[in-house]
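K.L.:
My questions will all concern the structure given below.
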Amino acid sequence: MSRAIAHAEGTAVPETVATRAVVTGAARGIGRAIAARLVAEGWEVVISDLDADELHRTAVELGAHAVVADVATDAGVGALIDAAEARLGEVDAFFGNAGFALMGGLDTPDSDWARILDVNLMAHVRAARRLVPSWAERGTGRFVVTASAAGLLTMLRDAPYSVTKHAAVALVEWINATYRHRGVVAQAVCPQGVQTRLLDDSGPLADVLSRDSALTPEQVADAVWRGLGSGEPLILPHPEVRDYYIRRATDTDAWLRGMNKLEQKLESMTEPAPPEENQ
């Protein structure tokens with residue numbers, strides 16, 4: 001990667017210059033947009049996903065290198081990083097974008113919990129385990145996780161998504177607290193509604209998130225690029241999320257009451273209408 005810049009507070013933040021990166025979940029959506037932006041900025045990029053056909057089409061269109069991998073397993077993460085290092089020489093930045101939602105509550109089966117934990121959290125843990133120690137030794141590295149505003153707030157109607165995205169943010173915080181002075185920067189990307197399949201599949205919740213304010217994946221990628229330059233741990237494509245996060249922290253009870261009102265609104269939108277009486 002580039003040389004580190006010493007900041008007044010004694011930390012070190014790598015410059016945003018051409019480097020070598022891995023982006024997971026990159027066949028479409030936010031991952032594809034991030035990869036496209038990095039390639040356009042001169043980075044050499046390995047992209048990964050499960051859908052081999054779509055991934056290879058994306059790689060050709062972007063000028064990236066495709067590696068099909070299942071990041072839900074330790075073997076899959078290891079194979080991806082091995083292949084990326086063989087192609088790039090070294091991995092300087094890792095963008096953990098693979099993730100999914102279940103739209104489930106407390107009745108979500110353990111098997112589904114296990115799968116979403118593997119993809120939305122453990123894939124990042126396993127990648128960090130492979131990459132961060134070596135970055136700390138050479139004094140530079142970048143670890144970026146697409147965590148969603150759900151990781152700072154919550155996601156109504158989806159307990160597994162909320163829990164795993166909160167955990168992903170916690171991982172980013174821990175890496176920063178532990179390795180920042182050694183040149184490793186970890187960042188969490190936390191957008192609200194984005195025009196992706198996840199929003200399309202969220203049912204009535206899509207209206208609460210507001211399709212009118214939903215960003216395109218390209219707008220999120222622009223925010224990510226700006227965030228790489230700042231080095232701030234939270235990248236917030238929707239600036240209003242910062243205010244929500246502050247409210248949640250400073251008056252948790254009021255914030256939760258507000259979220260519960262939204263839940264009641266959702267319930268009124270989804271409850272079946274009472275049967276009509278015969279006249």
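Ordering of the structure tokens sets the chain letters (A, B, ...); residue numbers start at 1 within each chain; ligands are numbered from 1 in the order shown.
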Report as a list in words all protein, DNA and RNA residues lying within 7 Å of Gln187 (chain A), evaluated on only C-alpha atoms, omitting residues in the same chain fewer than 3 positions from it.
P.N.:
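Final neighbour list, sorted by chain and number: Phe143, Val144, Val145, Val172, Glu232, Pro233, Leu234 and Ile235 of chain A.
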K.L.:
Mind dumping the selected residues with C-alpha atoms as a compact mmCIF listing (two decimals), in the first residue's frame?
P.N.:
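Ended up saving to result-v3.txt:
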# COMPACT_ATOMS: atom_id res chain seq x y z
CA PHE A 143 -10.13 -3.39 6.30
CA VAL A 144 -13.57 -2.17 5.19
CA VAL A 145 -16.86 -3.85 6.08
CA VAL A 172 -14.32 -2.83 13.04
CA GLU A 232 -12.83 7.79 9.73
CA PRO A 233 -14.09 4.50 11.19
CA LEU A 234 -17.71 5.13 10.13
CA ILE A 235 -18.55 5.79 6.48
K.L.:
Just the residues within 12 Å of region 68-79 of chain A, please, counting only C-alpha atoms, with nothing from its chain fewer than 2 positions along; format it as an NGL selection string.
P.N.:
:A and (22-27 or 46-56 or 59 or 65-66 or 81-86 or 94 or 96-100 or 114-131)
K.L.:
Which residues of region 228-259 of chain A have any atom within 12 Å of an atom in region 154-171 of chain A when counting only C-alpha atoms, and what is the closest pair of atoms for each, with the distance in Å to one decimal? Order the rows by chain and rising number and write it as CSV.
P.N.:
residue,atom,partner,partner_atom,distance
A:Pro233,CA,A:Val169,CA,9.3
A:Leu234,CA,A:Val169,CA,8.8
A:Ile235,CA,A:Val169,CA,11.2
A:Val241,CA,A:Thr154,CA,11.4
A:Tyr244,CA,A:Thr154,CA,10.7
A:Tyr245,CA,A:Thr154,CA,10.2
A:Arg248,CA,A:Thr154,CA,10.1
A:Trp255,CA,A:Thr154,CA,10.8
A:Leu256,CA,A:Thr154,CA,9.7
A:Gly258,CA,A:Leu156,CA,11.7
A:Met259,CA,A:Leu156,CA,8.0
K.L.:
Quick one: distance from CA of Arg226 (chain A) to CA of His238 (chain A) in Å, one decimal?
P.N.:
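Between CA of Arg226 (chain A) and CA of His238 (chain A) the gap works out to 13.1 Å.
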K.L.:
Please, what distance in Å, to one decimal, runs between CA of Ile30 (chain A) and CA of Gly89 (chain A)?
P.N.:
25.5 Å
K.L.:
I need the residues of region 77-139 of chain A that end up classed as helix (DSSP H, G or I) by DSSP on the backbone, written out as an NGL selection string.
P.N.:
:A and (77-88 or 110-138)
K.L.:
Report the distance between CA of Gly139 (chain A) and CA of His181 (chain A) in Å, rounded to one decimal place.
P.N.:
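Rounded to one decimal, the two atoms are 8.7 Å apart.
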K.L.:
Which of these residues is nearest to Leu228 (chain A), using only C-alpha atoms: A:Ile34, A:Ser111, A:Ser148, A:Arg28?
P.N.:
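Of A:Ile34, A:Ser111, A:Ser148, A:Arg28, the one nearest Leu228 (chain A) is A:Ile34, counting only C-alpha atoms.
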K.L.:
Between A:Arg257, A:Gly42, A:Ser230, A:Pro191, which one has atoms that come closest to Ala214 (chain A), using only C-alpha atoms?
P.N.:
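Nearest candidate to Ala214 (chain A) out of A:Arg257, A:Gly42, A:Ser230, A:Pro191: A:Pro191.
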K.L.:
Got a sec: who's within 9 Å of Asp222 (chain A), counting only C-alpha atoms, leaving out chain neighbours fewer than 3 positions off, as a list in words?
P.N.:
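Once the adjacent positions are removed, what remains is Ala33, Ile34, Arg37, Pro217, Glu218, Gln219, Trp225, Arg226, Gly227 and Pro237 of chain A.
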K.L.:
Could you please write out, as a VMD selection string, every residue of region 32-269 of chain A that DSSP assigns to strand (DSSP E or B)?
P.N.:
chain A and resid 44 to 49 65 to 68 93 to 96 141 to 146 184 to 189 194 215 234 to 235
K.L.:
For a quick check of understanding, using only C-alpha atoms, which of A:Thr252, A:Gln195, A:Ser268, A:Thr146 has the smallest distance to Val224 (chain A)?
P.N.:
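Answer, going by the shortest atom-to-atom distance: A:Thr146.
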